[in-house]
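Source file: final.txt; contents: compact mmCIF, C-alpha atoms and all ligand atoms.
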# COMPACT_ATOMS: atom_id res chain seq x y z
CA MET A 1472 -14.90 -22.16 34.13
CA PHE A 1473 -15.86 -18.75 32.73
CA ASP A 1474 -19.26 -17.36 33.61
CA LEU A 1475 -20.21 -14.29 31.58
CA GLU A 1476 -22.74 -12.87 34.05
CA ARG A 1477 -20.27 -13.20 36.90
CA PHE A 1478 -17.50 -11.67 34.78
CA ILE A 1479 -19.70 -8.62 34.03
CA GLU A 1480 -20.56 -8.27 37.73
CA ASP A 1481 -16.89 -8.54 38.68
CA CYS A 1482 -15.96 -5.85 36.14
CA ARG A 1483 -18.73 -3.56 37.46
CA HIS A 1484 -17.51 -3.96 41.03
CA ALA A 1485 -13.88 -3.46 40.00
CA ARG A 1486 -14.79 -0.28 38.11
CA ALA A 1487 -16.81 1.03 41.06
CA GLU A 1488 -13.97 0.50 43.52
CA ASP A 1489 -11.12 1.72 41.29
CA GLU A 1490 -11.17 4.71 38.90
CA SER A 1491 -8.09 3.35 37.16
CA HIS A 1492 -7.84 0.29 34.92
CA LYS A 1493 -6.01 -1.79 37.52
CA ALA A 1494 -8.85 -3.65 39.24
CA VAL A 1495 -10.56 -4.39 35.91
CA ARG A 1496 -7.27 -5.62 34.46
CA GLU A 1497 -7.04 -8.13 37.31
CA VAL A 1498 -10.56 -9.37 36.56
CA VAL A 1499 -9.83 -9.71 32.83
CA ASN A 1500 -6.45 -11.30 33.48
CA GLU A 1501 -8.02 -13.92 35.69
CA ALA A 1502 -10.78 -14.60 33.15
CA ILE A 1503 -8.40 -15.23 30.26
CA THR A 1504 -5.98 -17.36 32.26
CA ASP A 1505 -7.94 -20.17 30.66
CA PRO A 1506 -8.60 -18.87 27.12
CA GLY A 1507 -10.35 -22.12 26.16
CA ALA A 1508 -12.97 -21.61 28.87
CA VAL A 1509 -13.80 -18.11 27.55
CA PHE A 1510 -13.91 -19.50 24.03
CA ALA A 1511 -16.31 -22.23 25.16
CA ALA A 1512 -18.55 -19.84 27.12
CA LEU A 1513 -18.81 -17.13 24.44
CA GLY A 1514 -19.08 -19.62 21.57
CA GLU A 1515 -16.86 -20.14 18.58
CA PRO A 1516 -16.91 -16.92 16.54
CA ARG A 1517 -18.12 -17.27 12.96
CA GLU A 1518 -17.36 -13.78 11.71
CA ALA A 1519 -15.73 -10.50 12.63
CA GLY A 1520 -17.57 -7.82 14.57
CA PHE A 1521 -18.01 -6.26 17.99
CA LYS A 1522 -20.77 -7.38 20.28
CA GLU A 1523 -21.92 -5.33 23.26
CA LEU A 1524 -21.88 -7.36 26.48
CA TYR A 1525 -22.38 -4.43 28.86
CA ARG A 1526 -22.64 -0.66 28.51
CA SER A 1527 -22.94 2.24 30.93
CA ASP A 1528 -21.47 5.76 31.20
CA SER A 1529 -18.46 4.45 33.09
CA LEU A 1530 -17.98 0.94 31.68
CA THR A 1531 -18.30 -0.82 28.33
CA ILE A 1532 -17.59 -4.50 27.77
CA LEU A 1533 -17.33 -5.69 24.17
CA ASN A 1534 -16.60 -9.03 22.55
CA PHE A 1535 -14.39 -8.24 19.54
CA THR A 1536 -13.65 -10.66 16.74
CA TRP A 1537 -11.18 -9.64 14.03
CA ALA A 1538 -11.29 -11.15 10.55
CA PRO A 1539 -8.10 -12.72 9.19
CA LEU A 1540 -5.57 -10.06 8.16
CA MET A 1541 -7.96 -7.15 8.82
CA THR A 1542 -6.82 -3.75 10.08
CA LEU A 1543 -8.81 -1.07 11.88
CA MET A 1544 -7.51 2.48 11.38
CA PRO A 1545 -5.99 4.54 14.20
CA HIS A 1546 -8.56 5.69 16.76
CA ASN A 1547 -8.88 6.76 20.37
CA HIS A 1548 -11.37 5.69 23.05
CA ASN A 1549 -11.34 8.71 25.46
CA ALA A 1550 -11.22 6.09 28.23
CA TRP A 1551 -8.72 3.54 29.48
CA ALA A 1552 -9.05 0.12 27.93
CA VAL A 1553 -8.20 -3.40 29.00
CA ILE A 1554 -7.78 -5.92 26.20
CA GLY A 1555 -7.91 -9.63 26.94
CA LEU A 1556 -7.31 -11.92 23.97
CA TYR A 1557 -8.60 -15.47 24.16
CA SER A 1558 -7.73 -16.64 20.65
CA GLY A 1559 -5.45 -15.48 17.84
CA ARG A 1560 -3.27 -12.38 17.89
CA GLU A 1561 -3.73 -8.59 17.87
CA ASP A 1562 -0.91 -6.38 16.62
CA ASN A 1563 -1.23 -2.83 17.94
CA ILE A 1564 0.52 0.25 16.62
CA PHE A 1565 0.49 3.13 19.10
CA TRP A 1566 0.45 6.64 17.66
CA ARG A 1567 1.54 10.01 18.97
CA LYS A 1568 -0.35 13.20 18.09
CA ASN A 1569 1.48 15.80 16.09
CA GLY A 1570 -0.90 18.67 15.29
CA ASN A 1571 -3.85 17.37 13.27
CA ARG A 1572 -1.85 14.28 12.32
CA ILE A 1573 -0.24 11.36 14.11
CA GLU A 1574 3.06 9.53 13.91
CA ALA A 1575 3.84 5.95 14.92
CA ALA A 1576 5.32 5.77 18.41
CA GLY A 1577 5.34 2.12 19.45
CA ALA A 1578 3.86 -1.32 18.99
CA ASP A 1579 2.76 -4.39 20.91
CA SER A 1580 1.78 -7.83 19.71
CA LEU A 1581 -0.92 -9.20 22.00
CA MET A 1582 -1.46 -12.90 22.59
CA PRO A 1583 -4.04 -14.93 24.48
CA GLY A 1584 -3.73 -15.31 28.22
CA LYS A 1585 -2.47 -11.88 29.29
CA ALA A 1586 -4.57 -8.73 29.64
CA VAL A 1587 -3.07 -5.45 28.44
CA ALA A 1588 -4.13 -1.96 29.53
CA LEU A 1589 -4.15 1.15 27.34
CA GLY A 1590 -4.17 4.65 28.81
CA LYS A 1591 -7.05 7.09 28.40
CA ASP A 1592 -5.35 9.15 25.70
CA ILE A 1593 -3.93 6.29 23.66
CA VAL A 1594 -4.37 6.30 19.89
CA HIS A 1595 -3.95 2.85 18.39
CA SER A 1596 -4.60 0.86 15.23
CA VAL A 1597 -5.21 -2.86 15.29
CA THR A 1598 -4.23 -5.60 12.85
CA ASN A 1599 -5.02 -9.28 13.01
CA PRO A 1600 -1.83 -10.59 11.38
CA ILE A 1601 -2.90 -14.23 11.09
CA GLU A 1602 -5.15 -16.14 8.71
CA LYS A 1603 -7.63 -17.10 11.43
CA LEU A 1604 -10.22 -15.14 13.39
CA THR A 1605 -8.90 -13.41 16.52
CA SER A 1606 -11.18 -12.95 19.53
CA ALA A 1607 -10.89 -10.72 22.57
CA ILE A 1608 -12.80 -9.13 25.40
CA HIS A 1609 -12.31 -5.36 25.45
CA VAL A 1610 -13.29 -3.44 28.58
CA TYR A 1611 -13.36 0.38 28.57
CA GLY A 1612 -13.54 2.70 31.57
CA GLY A 1613 -16.23 4.81 29.88
CA ASP A 1614 -18.95 4.67 27.24
CA PHE A 1615 -17.28 3.36 24.09
CA PHE A 1616 -20.23 4.57 22.00
CA ALA A 1617 -20.28 8.15 23.33
CA ASP A 1618 -19.65 11.09 21.01
CA GLY A 1619 -16.32 12.86 20.96
CA ARG A 1620 -14.00 10.08 19.81
CA SER A 1621 -11.65 10.45 16.84
CA GLU A 1622 -10.24 8.29 14.09
CA TRP A 1623 -7.32 9.02 11.78
CA ASP A 1624 -7.29 8.34 8.07
CA PRO A 1625 -4.86 5.45 7.49
CA GLU A 1626 -3.49 7.08 4.35
CA THR A 1627 -3.23 10.77 5.26
CA LEU A 1628 -3.12 10.23 9.07
CA GLU A 1629 -5.47 13.20 9.48
CA GLU A 1630 -7.98 13.35 12.34
CA ALA A 1631 -11.74 13.06 11.85
CA PRO A 1632 -14.72 12.31 14.14
CA PHE A 1633 -15.06 8.58 14.83
CA ASP A 1634 -17.59 7.11 12.42
CA PHE A 1635 -19.32 3.95 13.73
CA ASP A 1636 -21.06 3.31 10.41
CA LYS A 1637 -17.68 3.28 8.71
CA SER A 1638 -16.25 0.89 11.30
CA ARG A 1639 -19.20 -1.46 10.89
CA ARG A 1640 -18.67 -1.31 7.12
CA ILE A 1641 -14.97 -2.19 7.57
CA PHE A 1642 -16.01 -5.26 9.56
CA ARG A 1643 -18.64 -6.22 6.95
CA GLU A 1644 -16.11 -5.88 4.14
CA ALA A 1645 -13.54 -7.91 6.09
CA ASN A 1646 -16.17 -10.64 6.56
CA ALA A 1647 -16.96 -10.60 2.86
CA ARG A 1648 -13.26 -11.05 1.99
CA PHE A 1649 -12.94 -13.76 4.61
CA SER A 1650 -15.98 -15.74 3.42
CA SER A 1651 -14.99 -15.54 -0.24
CA ALA A 1652 -11.39 -16.60 0.45
FE FE A 1701 -9.43 0.49 20.05
Could the structure of this file be written out as structure tokens, please?
Ligand SMILES: [Fe+2]
Amino acid sequence: MFDLERFIEDCRHARAEDESHKAVREVVNEAITDPGAVFAALGEPREAGFKELYRSDSLTILNFTWAPLMTLMPHNHNAWAVIGLYSGREDNIFWRKNGNRIEAAGADSLMPGKAVALGKDIVHSVTNPIEKLTSAIHVYGGDFFADGRSEWDPETLEEAPFDFDKSRRIFREANARFSSA
């Protein structure tokens, strides 16, 4: 049984008692032990996007849904992150900074049922490699929507300020491709 209000409360308490990601990761891990229960509580996703479940200066909780085969360009969060998938798959490429550009440094393929933590300085790009929607809860140890974040052009790999309008457009375009497929 997954209760969203209780989950948010548990994340808030975990964040308050632990500066690091560890206590929150335990909360997320426990929540997604039963991915079907999260799926049932949050509702079957119809389209890609990111929905705000909770936001403060020190904690952001988002419900992410990725369209089939969509990719989001490399970006940072300026905060640790805990990612808990409850359906589908998320392929992450991790990038290392090299001057104004980045180079690929590692990868992880996330699956439902196990929460994964990303460090504060991580730069990653995300692909949903399957032909179904992928859904996850993302928890950040800061304000995800605060200024100061960066994204990197997927073609030139050059850094630029993170552009939320552009990200929302990428999700809209992914939905349009998905619905016309
Ligand atoms: Fe991210």
Counting all atoms listed in the file, give me one row per residue of chain A with an atom at most 9 Å from an atom of ligand FE 1701 (chain A), showing the shortest contact pair and its distance in Å to one decimal, sorted by chain then residue number, as a tab-separated table.
residue	atom	partner	partner_atom	distance
A:Leu1543	CA	A:FE1701	FE	8.3
A:Pro1545	CA	A:FE1701	FE	7.9
A:His1546	CA	A:FE1701	FE	6.2
A:Asn1547	CA	A:FE1701	FE	6.3
A:His1548	CA	A:FE1701	FE	6.3
A:Ala1552	CA	A:FE1701	FE	7.9
A:Ile1593	CA	A:FE1701	FE	8.8
A:Val1594	CA	A:FE1701	FE	7.7
A:His1595	CA	A:FE1701	FE	6.2
A:Ser1596	CA	A:FE1701	FE	6.8
A:Val1597	CA	A:FE1701	FE	7.2
A:His1609	CA	A:FE1701	FE	8.5
Between atom CA of Val1509 of chain A and atom CA of Phe1616 of chain A, what distance in Å does the model show, to one decimal?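 Between atom CA of Val1509 of chain A and atom CA of Phe1616 of chain A the gap is 24.2 Å.
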Do a neighbour search on segment 1496-1501 of chain A at 7 Å with only C-alpha atoms, toss out local chain neighbours closer than 3 positions, and write the hits as a PyMOL selection string. chain A and resi 1481-1482+1492-1493+1504+1553+1555+1585-1586+1588
Nearest residue to Met1541 of chain A from the set A:Pro1625, A:Pro1600, A:Gly1613, A:Gly1559 (distances using all atoms listed in the file):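 Between A:Pro1625, A:Pro1600, A:Gly1613, A:Gly1559, the residue approaching Met1541 of chain A most closely is A:Pro1600.
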Mind checking which residues fall within 12 Å of Asp1592 of chain A, counting only C-alpha atoms, ignoring those fewer than 6 positions away in the same chain, and posting them as a list in words? His1546, Asn1547, His1548, Asn1549, Ala1550, Trp1551, Ala1552, Phe1565, Trp1566, Arg1567, Lys1568, Gly1612, Arg1620 and Ser1621 of chain A
Write out, as a PDB file, in the coordinates of the input, the residues just selected, with C-alpha atoms.
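Done, and the output landed in again25.pdb:
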ATOM      1  CA  HIS A1546      -8.560   5.690  16.760  1.00  0.00           C
ATOM      2  CA  ASN A1547      -8.880   6.760  20.370  1.00  0.00           C
ATOM      3  CA  HIS A1548     -11.370   5.690  23.050  1.00  0.00           C
ATOM      4  CA  ASN A1549     -11.340   8.710  25.460  1.00  0.00           C
ATOM      5  CA  ALA A1550     -11.220   6.090  28.230  1.00  0.00           C
ATOM      6  CA  TRP A1551      -8.720   3.540  29.480  1.00  0.00           C
ATOM      7  CA  ALA A1552      -9.050   0.120  27.930  1.00  0.00           C
ATOM      8  CA  PHE A1565       0.490   3.130  19.100  1.00  0.00           C
ATOM      9  CA  TRP A1566       0.450   6.640  17.660  1.00  0.00           C
ATOM     10  CA  ARG A1567       1.540  10.010  18.970  1.00  0.00           C
ATOM     11  CA  LYS A1568      -0.350  13.200  18.090  1.00  0.00           C
ATOM     12  CA  GLY A1612     -13.540   2.700  31.570  1.00  0.00           C
ATOM     13  CA  ARG A1620     -14.000  10.080  19.810  1.00  0.00           C
ATOM     14  CA  SER A1621     -11.650  10.450  16.840  1.00  0.00           C
TER      15      SER A1621
END
What's the 9 Å shell around Glu1602 of chain A, counting all atoms listed in the file, without same-chain residues fewer than 6 positions away, as a count of residues only? 3
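Each of A:Glu1630, A:Glu1622, A:Glu1518, A:Asp1505 was checked against Tyr1557 of chain A using all atoms listed in the file; the smallest atom-to-atom distance is that of A:Asp1505.
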One decimal, in Å: what's the spacing between atom CA of Arg1517 of chain A and atom CA of Ser1606 of chain A? 10.5 Å
Restricting the calculation to only C-alpha atoms, which member of A:Ala1502, A:Ala1487, A:Met1544, A:Ala1512 is positioned closest to Asp1624 of chain A? A:Met1544
Just to confirm, what's the straight-line distance from atom CA of Pro1583 of chain A to atom CA of Glu1561 of chain A in Å (one decimal)? 9.2 Å
From the options A:Met1472, A:Asn1563, A:Val1610, A:Phe1615, which residue's atoms come nearest to Ala1485 of chain A, counting all atoms listed in the file? A:Val1610
Go ahead and fit an axis-aligned box to every listed atom of segment 1506-1516 of chain A plus 3 Å each side, and pass me the centre and edge lengths in Å, one decimal, as lines of an AutoDock Vina configuration file.
center_x = -13.8
center_y = -19.6
center_z = 22.7
size_x = 16.5
size_y = 11.3
size_z = 18.3
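Compared by their closest atoms to Ser1638 of chain A, and using only C-alpha atoms, the residues A:Glu1515, A:Arg1560, A:Gly1507, A:Phe1521 rank with A:Phe1521 nearest.
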Min atom-atom distance to Arg1643 of chain A from the set A:Leu1475, A:Ala1519, A:Ile1608, A:Val1495, counting only C-alpha atoms, belongs to A:Ala1519
